[in-house]
>>> print(open('target_9.txt').read())   # compact mmCIF, C-alpha atoms
# COMPACT_ATOMS: atom_id res chain seq x y z
CA MET A 28 -115.38 36.60 -190.70
CA HIS A 29 -113.37 38.43 -193.38
CA ARG A 30 -110.86 39.59 -190.76
CA TYR A 31 -110.54 35.99 -189.48
CA ARG A 32 -109.67 34.75 -192.96
CA ILE A 33 -107.01 37.44 -193.40
CA VAL A 34 -105.43 36.51 -190.06
CA SER A 35 -105.50 32.81 -190.97
CA VAL A 36 -103.78 33.48 -194.29
CA LEU A 37 -101.12 35.61 -192.61
CA LEU A 38 -100.46 32.94 -190.00
CA ALA A 39 -100.17 30.33 -192.74
CA LEU A 40 -97.69 32.47 -194.63
CA ILE A 41 -95.63 33.06 -191.50
CA MET A 42 -95.56 29.33 -190.74
CA LEU A 43 -94.57 28.59 -194.33
CA ILE A 44 -91.72 31.11 -194.22
CA PHE A 45 -90.29 29.73 -191.00
CA THR A 46 -90.88 26.03 -191.65
CA SER A 47 -89.54 25.88 -195.24
CA PRO A 48 -85.86 26.11 -194.18
CA LEU A 49 -86.51 23.49 -191.52
CA LEU A 50 -88.14 21.15 -194.02
CA HIS A 51 -85.29 21.75 -196.47
CA ALA A 52 -82.72 20.98 -193.78
CA LEU A 53 -84.68 17.90 -192.77
CA ASN A 54 -84.75 16.66 -196.38
CA GLU A 55 -81.01 17.21 -196.70
CA THR A 56 -80.43 15.27 -193.48
CA VAL A 57 -82.56 12.39 -194.75
CA GLU A 58 -80.71 12.34 -198.09
CA GLU A 59 -77.33 12.39 -196.36
CA SER A 60 -78.43 9.55 -194.11
CA LYS A 61 -79.60 7.51 -197.12
CA GLU A 62 -76.29 8.13 -198.91
CA GLN A 63 -74.31 7.12 -195.83
CA ASN A 64 -76.35 3.94 -195.52
CA MET A 65 -75.76 3.18 -199.20
CA HIS A 66 -72.01 3.60 -198.87
CA GLN A 67 -71.97 1.54 -195.70
CA GLY A 68 -73.97 -1.17 -197.45
CA TRP A 69 -71.51 -1.34 -200.35
CA ARG A 70 -68.58 -1.46 -197.93
CA GLU A 71 -70.20 -4.52 -196.36
CA VAL A 72 -70.74 -6.01 -199.82
CA ASP A 73 -67.09 -5.38 -200.63
CA THR A 74 -65.90 -7.05 -197.43
CA SER A 75 -68.14 -10.09 -197.95
CA THR A 76 -67.09 -10.35 -201.61
CA GLU A 77 -63.43 -10.37 -200.64
CA ARG A 78 -64.13 -13.11 -198.09
CA LEU A 79 -66.11 -15.08 -200.69
CA TYR A 80 -63.31 -14.81 -203.24
CA ARG A 81 -60.77 -16.10 -200.72
CA LYS A 82 -63.03 -19.02 -199.78
CA VAL A 83 -63.40 -19.98 -203.46
CA ALA A 84 -59.65 -19.59 -204.10
CA SER A 85 -58.85 -21.90 -201.19
CA GLY A 86 -61.42 -24.49 -202.29
CA ASP A 87 -63.66 -23.93 -199.26
CA VAL A 88 -67.02 -24.38 -200.98
CA SER A 89 -68.92 -24.75 -197.69
CA GLY A 90 -67.46 -21.49 -196.41
CA ALA A 91 -68.24 -19.79 -199.71
CA LEU A 92 -71.89 -20.89 -199.52
CA HIS A 93 -72.13 -19.55 -195.97
CA THR A 94 -70.66 -16.22 -197.10
CA VAL A 95 -73.13 -16.01 -200.00
CA LYS A 96 -76.05 -16.25 -197.56
CA LYS A 97 -74.75 -13.23 -195.65
CA LEU A 98 -73.93 -11.42 -198.86
CA GLU A 99 -77.45 -11.88 -200.16
CA LEU A 100 -78.88 -10.19 -197.08
CA VAL A 101 -76.67 -7.16 -197.63
CA LEU A 102 -77.51 -6.97 -201.35
CA ALA A 103 -81.19 -6.83 -200.40
CA SER A 104 -80.65 -3.69 -198.28
CA PRO A 105 -83.06 -0.84 -199.12
CA GLY A 106 -81.60 1.90 -201.29
CA LEU A 107 -78.42 0.03 -202.18
CA PHE A 108 -78.94 0.47 -205.93
CA ASP A 109 -80.68 3.86 -205.88
CA SER A 110 -77.76 5.81 -207.38
CA MET A 111 -76.93 3.28 -210.09
CA THR A 112 -77.96 3.19 -213.74
CA ALA A 113 -79.88 0.32 -215.30
CA GLU A 114 -76.69 -0.90 -217.01
CA GLN A 115 -74.81 -0.91 -213.72
CA ILE A 116 -77.56 -2.79 -211.90
CA LYS A 117 -77.72 -5.36 -214.70
CA ALA A 118 -73.96 -5.86 -214.66
CA ILE A 119 -73.72 -6.47 -210.91
CA THR A 120 -76.84 -8.63 -210.58
CA GLU A 121 -76.13 -10.85 -213.59
CA THR A 122 -72.56 -11.37 -212.43
CA TYR A 123 -73.77 -12.31 -208.97
CA VAL A 124 -76.33 -14.76 -210.36
CA ASP A 125 -73.69 -16.39 -212.60
CA MET A 126 -71.31 -16.78 -209.66
CA LYS A 127 -74.04 -18.21 -207.46
CA ARG A 128 -75.04 -20.68 -210.18
CA GLU A 129 -71.47 -21.96 -210.44
CA LEU A 130 -71.27 -22.28 -206.66
CA HIS A 131 -74.50 -24.31 -206.47
CA ALA A 132 -73.72 -26.55 -209.46
CA ALA A 133 -74.12 -30.28 -208.88
CA SER A 134 -70.59 -30.82 -210.16
CA ILE A 135 -68.44 -27.80 -209.43
CA ASN A 136 -65.95 -26.72 -212.07
CA GLU A 137 -63.21 -25.07 -210.01
CA LYS A 138 -61.86 -23.04 -212.91
CA GLU A 139 -65.28 -21.69 -213.92
CA LEU A 140 -66.15 -20.95 -210.29
CA SER A 141 -62.90 -19.06 -209.75
CA HIS A 142 -63.51 -17.09 -212.94
CA ALA A 143 -67.08 -16.22 -211.88
CA ALA A 144 -65.95 -15.20 -208.38
CA ALA A 145 -63.23 -12.98 -209.87
CA LYS A 146 -65.77 -11.31 -212.21
CA PHE A 147 -68.06 -10.53 -209.29
CA LYS A 148 -65.19 -9.27 -207.16
CA LEU A 149 -64.02 -6.91 -209.94
CA ALA A 150 -67.58 -5.67 -210.49
CA VAL A 151 -68.09 -4.87 -206.80
CA ASP A 152 -64.66 -3.26 -206.61
CA ALA A 153 -65.57 -1.02 -209.57
CA ILE A 154 -68.43 0.34 -207.45
CA THR A 155 -66.63 0.63 -204.12
CA HIS A 156 -63.25 1.85 -205.46
CA PRO A 157 -64.12 3.86 -208.58
CA ASN A 158 -60.86 5.83 -208.64
CA ARG A 159 -58.50 2.88 -208.22
CA SER A 160 -60.46 -0.09 -209.50
CA MET A 161 -58.62 -3.40 -209.83
CA TRP A 162 -59.90 -4.06 -213.35
CA LEU A 163 -57.77 -1.15 -214.60
CA GLN A 164 -54.72 -3.32 -213.88
CA TYR A 165 -55.72 -5.41 -216.89
CA GLU A 166 -54.56 -2.75 -219.33
CA GLN A 167 -51.16 -4.28 -220.00
CA VAL A 168 -52.66 -7.77 -219.96
CA LEU A 169 -55.06 -6.85 -222.77
CA ARG A 170 -52.35 -5.08 -224.73
CA ASP A 171 -50.20 -8.21 -224.54
CA ASP A 172 -53.14 -10.38 -225.63
CA LEU A 173 -53.81 -8.13 -228.62
CA GLU A 174 -50.16 -8.10 -229.60
CA GLN A 175 -50.01 -11.89 -229.47
CA MET A 176 -53.12 -12.20 -231.64
CA VAL A 177 -51.77 -9.72 -234.18
CA GLN A 178 -48.43 -11.54 -234.33
CA ALA A 179 -49.90 -15.07 -234.32
CA GLY A 180 -48.51 -16.91 -237.35
CA THR A 181 -50.05 -20.32 -236.74
CA LYS A 182 -53.44 -21.68 -235.79
CA GLN A 183 -52.13 -22.81 -232.42
CA GLN A 184 -50.67 -19.39 -231.61
CA TRP A 185 -53.91 -17.67 -232.59
CA GLU A 186 -56.04 -20.04 -230.52
CA GLN A 187 -53.89 -19.56 -227.45
CA ALA A 188 -53.80 -15.77 -227.72
CA SER A 189 -57.50 -15.39 -228.57
CA ARG A 190 -58.51 -17.71 -225.73
CA LEU A 191 -56.62 -15.54 -223.24
CA TRP A 192 -58.10 -12.35 -224.71
CA LEU A 193 -61.67 -13.68 -224.44
CA GLU A 194 -61.08 -14.95 -220.92
CA HIS A 195 -59.62 -11.66 -219.72
CA THR A 196 -62.22 -9.43 -221.37
CA ASP A 197 -65.05 -11.60 -220.05
CA ARG A 198 -63.63 -11.28 -216.54
CA ILE A 199 -63.61 -7.47 -216.62
CA MET A 200 -66.74 -6.97 -218.74
CA PRO A 201 -69.14 -6.31 -215.78
CA ALA A 202 -66.69 -3.84 -214.25
CA VAL A 203 -66.36 -2.13 -217.63
CA ALA A 204 -70.16 -1.92 -217.91
CA ILE A 205 -70.28 -0.28 -214.47
CA GLN A 206 -67.65 2.39 -215.18
CA ARG A 207 -67.73 2.94 -218.93
CA SER A 208 -70.27 4.05 -221.51
CA VAL A 209 -72.61 1.76 -223.40
CA GLN A 210 -70.69 2.55 -226.60
CA THR A 211 -67.43 1.33 -225.09
CA VAL A 212 -69.04 -1.90 -223.91
CA GLU A 213 -70.57 -2.50 -227.35
CA MET A 214 -67.24 -1.88 -229.05
CA LEU A 215 -65.55 -4.46 -226.82
CA LYS A 216 -68.35 -6.95 -227.45
CA SER A 217 -68.12 -6.44 -231.22
CA ILE A 218 -64.40 -7.16 -231.20
CA ASN A 219 -65.02 -10.27 -229.11
CA VAL A 220 -67.59 -11.50 -231.64
CA LEU A 221 -64.99 -11.08 -234.37
CA VAL A 222 -62.35 -12.97 -232.37
CA MET A 223 -64.74 -15.81 -231.52
CA LYS A 224 -65.95 -16.33 -235.09
CA ILE A 225 -62.56 -16.64 -236.76
CA ASN A 226 -62.05 -20.07 -238.32
CA ASP A 227 -58.87 -21.99 -239.07
CA SER A 228 -58.00 -20.41 -242.41
CA PRO A 229 -55.02 -18.01 -242.59
CA ALA A 230 -57.12 -15.55 -244.60
CA SER A 231 -59.65 -15.16 -241.80
CA ARG A 232 -56.92 -14.58 -239.23
CA ASP A 233 -55.40 -11.91 -241.46
CA GLN A 234 -58.75 -10.13 -241.63
CA ALA A 235 -59.09 -10.26 -237.85
CA ARG A 236 -55.57 -9.00 -237.31
CA ARG A 237 -56.17 -5.99 -239.54
CA ALA A 238 -59.39 -5.15 -237.69
CA LEU A 239 -57.66 -5.48 -234.31
CA GLN A 240 -54.79 -3.25 -235.41
CA ASP A 241 -57.20 -0.60 -236.72
CA TYR A 242 -59.32 -0.40 -233.58
CA GLU A 243 -56.82 -1.14 -230.81
CA PRO A 244 -55.93 2.54 -230.10
CA MET A 245 -59.57 3.61 -229.91
CA LEU A 246 -60.59 0.67 -227.73
CA MET A 247 -57.69 1.08 -225.31
CA LYS A 248 -58.32 4.81 -224.97
CA ALA A 249 -62.00 4.19 -224.30
CA LEU A 250 -61.21 1.57 -221.68
CA PHE A 251 -58.21 3.03 -219.88
CA GLY A 252 -57.61 6.57 -221.10
CA HIS A 253 -59.61 8.45 -218.47
CA ALA A 254 -59.80 6.03 -215.58
CA LYS A 255 -58.48 8.55 -213.01
CA ASP A 256 -61.52 10.78 -213.47
CA SER A 257 -63.97 8.16 -212.19
CA PRO A 258 -66.65 9.56 -209.84
CA ALA A 259 -68.20 7.37 -207.16
CA PHE A 260 -71.41 5.49 -207.93
CA ALA A 261 -71.76 6.90 -211.45
CA ASN A 262 -70.57 6.45 -214.99
CA VAL A 263 -66.99 7.51 -215.57
CA ALA A 264 -66.48 10.89 -217.19
CA GLU A 265 -64.93 9.86 -220.45
CA ASP A 266 -64.72 10.86 -224.07
CA GLN A 267 -67.92 9.48 -225.50
CA ILE A 268 -67.43 7.24 -228.51
CA PRO A 269 -69.75 8.47 -231.27
CA LEU A 270 -72.51 6.02 -232.08
CA ARG A 271 -71.51 6.09 -235.75
CA VAL A 272 -68.09 4.72 -234.79
CA VAL A 273 -69.67 1.80 -232.97
CA MET A 274 -71.99 1.19 -235.92
CA TRP A 275 -69.04 1.36 -238.32
CA LEU A 276 -67.15 -1.18 -236.22
CA ALA A 277 -70.21 -3.43 -236.27
CA CYS A 278 -70.24 -3.14 -240.07
CA ILE A 279 -66.54 -3.99 -240.23
CA VAL A 280 -67.11 -7.04 -238.06
CA THR A 281 -70.08 -8.14 -240.20
CA VAL A 282 -68.17 -7.73 -243.46
CA THR A 283 -65.14 -9.51 -242.05
CA LEU A 284 -67.23 -12.42 -240.83
CA ALA A 285 -68.98 -12.61 -244.20
CA TYR A 286 -65.60 -12.73 -245.93
CA VAL A 287 -64.43 -15.41 -243.52
CA ALA A 288 -67.56 -17.47 -244.23
CA TYR A 289 -67.00 -17.05 -247.97
CA GLN A 290 -63.40 -18.20 -247.69
CA LYS A 291 -64.51 -21.21 -245.66
CA TYR A 292 -67.16 -22.00 -248.31
CA ARG A 293 -64.58 -21.77 -251.10
CA TYR A 294 -62.23 -24.03 -249.18
CA GLN A 295 -64.96 -26.61 -248.63
CA GLU A 296 -66.03 -26.49 -252.29
CA HIS A 297 -62.44 -26.95 -253.40
CA HIS A 298 -62.01 -29.82 -250.96
CA ILE A 299 -65.15 -31.52 -252.27
CA HIS A 300 -64.31 -31.15 -255.97
CA ALA A 301 -60.65 -31.97 -255.50
CA GLY A 302 -61.25 -34.97 -253.23
CA PRO A 303 -59.33 -38.21 -253.52
CA TRP A 304 -62.06 -39.86 -255.63
CA ASN A 305 -61.27 -37.41 -258.48
CA LYS A 306 -57.71 -38.64 -258.65
CA SER A 307 -58.79 -42.10 -259.77
CA SER A 308 -61.12 -40.84 -262.51
>>> encode(input="target_9.txt", output="structure tokens")
Amino acid sequence: MHRYRIVSVLLALIMLIFTSPLLHALNETVEESKEQNMHQGWREVDTSTERLYRKVASGDVSGALHTVKKLELVLASPGLFDSMTAEQIKAITETYVDMKRELHAASINEKELSHAAAKFKLAVDAITHPNRSMWLQYEQVLRDDLEQMVQAGTKQQWEQASRLWLEHTDRIMPAVAIQRSVQTVEMLKSINVLVMKINDSPASRDQARRALQDYEPMLMKALFGHAKDSPAFANVAEDQIPLRVVMWLACIVTVTLAYVAYQKYRYQEHHIHAGPWNKSS
């Protein structure tokens, strides 16, 4: 009985020695197959997204709805999101849902639908073409928008420039979230909050312009400075923005907005106390 146990253990060890490489090779084959299926799935998503974008651009809503049905089947493929971070999954799914909502609206707004389709297209492209993503072509567009906001001398000029900035940054935001760090995304969002909250007074625009001038180099470097190093299906290798910088920018935005609110309050108080009824007293 003791000899039988020794033989059994030896046989088990021999089997383990010879089968381990086979199991390892089998696991590698399975992983390679899963990765190939994932890449193939995203290529199908990319093709369908391009078709969807063209249907929307040409006003073919019926064709766009038909394409969405096929696209949804591909997006439900097993393992499609396995190599993505939570931020990346959120960016692509929320953008898809927003686009689908615009497409199914009772009264379709062509401009909003086109914008939503472009956002989704850029987000998908950021996944499928990480080293030459289309959203990177917005670098000069954003620089021009910033320059126009900084140089805006009138309310009308500011409104026009800021509207373009917000539209362009909103369009690329999901793609940015897919390829850039959380800190970079938060910095861009903080600047957008500042731009959106500016009121009509010249003082508030001056505050915003100074903040934009101070943080433009850092923001542009974070967004576009290391785009060529983008690996597939992962966050881009970039210089990480320290959290304290993002927090400091948030503080700057908060203080600026508080100052803007104070200026608006002073203006309203002055308007009330210096109203036309005081002239007759």
>>> closest_residue(input="target_9.txt", among="A:Val88, A:Leu193, A:Ala150, A:Leu107", to="Lys127 (chain A)", atoms="all atoms listed in the file")
A:Val88
>>> atom_distance(input="target_9.txt", atom1="CA of Ser75 (chain A)", atom2="CA of His131 (chain A)")
17.8 Å
>>> residues_near_point(input="target_9.txt", point="(-60.7, -12.2, -209.7)", cutoff="12 Å", atoms="all atoms listed in the file", output="PyMOL selection string")
chain A and resi 76-77+79-81+83-84+126+138-152+161-162+164-165+194-195+197-199+201-202
>>> residues_around(input="target_9.txt", residues="region 66-70 of chain A", least_positions_apart="6", cutoff="12 Å", atoms="only C-alpha atoms", output="list of chain:residue names")
A:Glu59, A:Ser60, A:Thr76, A:Glu77, A:Leu98, A:Glu99, A:Leu100, A:Val101, A:Leu102, A:Ala103, A:Ser104, A:Pro105, A:Gly106, A:Leu107, A:Phe108, A:Asp109, A:Ser110, A:Ile119, A:Ala150, A:Val151, A:Asp152, A:Ala153, A:Ile154, A:Thr155, A:His156, A:Ala259, A:Phe260
>>> atom_distance(input="target_9.txt", atom1="CA of Ser85 (chain A)", atom2="CA of Ser189 (chain A)")
28.2 Å
>>> residues_around(input="target_9.txt", residues="Glu186 (chain A)", least_positions_apart="6", cutoff="12 Å", atoms="all atoms listed in the file", output="PyMOL selection string")
chain A and resi 172+175-177+179-180+192-194+222-227+232
>>> write_last_selection(input="target_9.txt", atoms="C-alpha atoms", output="tab-separated table (two decimals), in the coordinates of the input")
chain	number	residue	atom	x	y	z
A	172	ASP	CA	-53.14	-10.38	-225.63
A	175	GLN	CA	-50.01	-11.89	-229.47
A	176	MET	CA	-53.12	-12.20	-231.64
A	177	VAL	CA	-51.77	-9.72	-234.18
A	179	ALA	CA	-49.90	-15.07	-234.32
A	180	GLY	CA	-48.51	-16.91	-237.35
A	192	TRP	CA	-58.10	-12.35	-224.71
A	193	LEU	CA	-61.67	-13.68	-224.44
A	194	GLU	CA	-61.08	-14.95	-220.92
A	222	VAL	CA	-62.35	-12.97	-232.37
A	223	MET	CA	-64.74	-15.81	-231.52
A	224	LYS	CA	-65.95	-16.33	-235.09
A	225	ILE	CA	-62.56	-16.64	-236.76
A	226	ASN	CA	-62.05	-20.07	-238.32
A	227	ASP	CA	-58.87	-21.99	-239.07
A	232	ARG	CA	-56.92	-14.58	-239.23
>>> closest_residue(input="target_9.txt", among="A:Thr74, A:Ala238, A:Met247, A:Gly86", to="Asp171 (chain A)", atoms="only C-alpha atoms")
A:Met247
>>> atom_distance(input="target_9.txt", atom1="CA of Leu215 (chain A)", atom2="CA of Glu121 (chain A)")
18.1 Å
>>> residues_around(input="target_9.txt", residues="Gln178 (chain A)", least_positions_apart="6", cutoff="12 Å", atoms="all atoms listed in the file", output="PDB file with C-alpha atoms, in the coordinates of the input")
ATOM      1  CA  ASP A 171     -50.200  -8.210-224.540  1.00  0.00           C
ATOM      2  CA  ASP A 172     -53.140 -10.380-225.630  1.00  0.00           C
ATOM      3  CA  GLN A 184     -50.670 -19.390-231.610  1.00  0.00           C
ATOM      4  CA  TRP A 185     -53.910 -17.670-232.590  1.00  0.00           C
ATOM      5  CA  GLN A 187     -53.890 -19.560-227.450  1.00  0.00           C
ATOM      6  CA  ALA A 188     -53.800 -15.770-227.720  1.00  0.00           C
ATOM      7  CA  SER A 189     -57.500 -15.390-228.570  1.00  0.00           C
ATOM      8  CA  ARG A 232     -56.920 -14.580-239.230  1.00  0.00           C
ATOM      9  CA  ASP A 233     -55.400 -11.910-241.460  1.00  0.00           C
ATOM     10  CA  ALA A 235     -59.090 -10.260-237.850  1.00  0.00           C
ATOM     11  CA  ARG A 236     -55.570  -9.000-237.310  1.00  0.00           C
ATOM     12  CA  ARG A 237     -56.170  -5.990-239.540  1.00  0.00           C
ATOM     13  CA  LEU A 239     -57.660  -5.480-234.310  1.00  0.00           C
ATOM     14  CA  GLN A 240     -54.790  -3.250-235.410  1.00  0.00           C
TER      15      GLN A 240
END
>>> build_atoms(input="target_9.txt", residues="region 133-148 of chain A", atoms="N, CA and C atoms", output="PDB file, in the coordinates of the input")
ATOM      1  N   ALA A 133     -74.218 -28.926-209.411  1.00  0.00           N
ATOM      2  CA  ALA A 133     -74.120 -30.280-208.880  1.00  0.00           C
ATOM      3  C   ALA A 133     -72.688 -30.785-208.927  1.00  0.00           C
ATOM      4  N   SER A 134     -72.006 -30.475-210.017  1.00  0.00           N
ATOM      5  CA  SER A 134     -70.590 -30.820-210.160  1.00  0.00           C
ATOM      6  C   SER A 134     -69.810 -29.532-210.387  1.00  0.00           C
ATOM      7  N   ILE A 135     -69.106 -29.093-209.379  1.00  0.00           N
ATOM      8  CA  ILE A 135     -68.440 -27.800-209.430  1.00  0.00           C
ATOM      9  C   ILE A 135     -67.191 -27.847-210.307  1.00  0.00           C
ATOM     10  N   ASN A 136     -67.135 -26.915-211.238  1.00  0.00           N
ATOM     11  CA  ASN A 136     -65.950 -26.720-212.070  1.00  0.00           C
ATOM     12  C   ASN A 136     -65.115 -25.633-211.402  1.00  0.00           C
ATOM     13  N   GLU A 137     -64.009 -26.014-210.800  1.00  0.00           N
ATOM     14  CA  GLU A 137     -63.210 -25.070-210.010  1.00  0.00           C
ATOM     15  C   GLU A 137     -62.738 -23.875-210.830  1.00  0.00           C
ATOM     16  N   LYS A 138     -62.351 -24.129-212.071  1.00  0.00           N
ATOM     17  CA  LYS A 138     -61.860 -23.040-212.910  1.00  0.00           C
ATOM     18  C   LYS A 138     -62.978 -22.052-213.227  1.00  0.00           C
ATOM     19  N   GLU A 139     -64.151 -22.563-213.599  1.00  0.00           N
ATOM     20  CA  GLU A 139     -65.280 -21.690-213.920  1.00  0.00           C
ATOM     21  C   GLU A 139     -65.755 -20.933-212.677  1.00  0.00           C
ATOM     22  N   LEU A 140     -65.736 -21.602-211.527  1.00  0.00           N
ATOM     23  CA  LEU A 140     -66.150 -20.950-210.290  1.00  0.00           C
ATOM     24  C   LEU A 140     -65.185 -19.830-209.920  1.00  0.00           C
ATOM     25  N   SER A 141     -63.905 -20.081-210.047  1.00  0.00           N
ATOM     26  CA  SER A 141     -62.900 -19.060-209.750  1.00  0.00           C
ATOM     27  C   SER A 141     -63.057 -17.851-210.683  1.00  0.00           C
ATOM     28  N   HIS A 142     -63.322 -18.155-211.958  1.00  0.00           N
ATOM     29  CA  HIS A 142     -63.510 -17.090-212.940  1.00  0.00           C
ATOM     30  C   HIS A 142     -64.744 -16.246-212.589  1.00  0.00           C
ATOM     31  N   ALA A 143     -65.837 -16.920-212.225  1.00  0.00           N
ATOM     32  CA  ALA A 143     -67.080 -16.220-211.880  1.00  0.00           C
ATOM     33  C   ALA A 143     -66.908 -15.393-210.609  1.00  0.00           C
ATOM     34  N   ALA A 144     -66.193 -15.935-209.626  1.00  0.00           N
ATOM     35  CA  ALA A 144     -65.950 -15.200-208.380  1.00  0.00           C
ATOM     36  C   ALA A 144     -65.079 -13.975-208.638  1.00  0.00           C
ATOM     37  N   ALA A 145     -64.097 -14.113-209.529  1.00  0.00           N
ATOM     38  CA  ALA A 145     -63.230 -12.980-209.870  1.00  0.00           C
ATOM     39  C   ALA A 145     -64.021 -11.896-210.597  1.00  0.00           C
ATOM     40  N   LYS A 146     -64.923 -12.285-211.497  1.00  0.00           N
ATOM     41  CA  LYS A 146     -65.770 -11.310-212.210  1.00  0.00           C
ATOM     42  C   LYS A 146     -66.611 -10.507-211.219  1.00  0.00           C
ATOM     43  N   PHE A 147     -67.209 -11.212-210.274  1.00  0.00           N
ATOM     44  CA  PHE A 147     -68.060 -10.530-209.290  1.00  0.00           C
ATOM     45  C   PHE A 147     -67.222  -9.617-208.398  1.00  0.00           C
ATOM     46  N   LYS A 148     -66.072 -10.072-207.998  1.00  0.00           N
ATOM     47  CA  LYS A 148     -65.190  -9.270-207.160  1.00  0.00           C
ATOM     48  C   LYS A 148     -64.780  -7.979-207.887  1.00  0.00           C
TER      49      LYS A 148
END
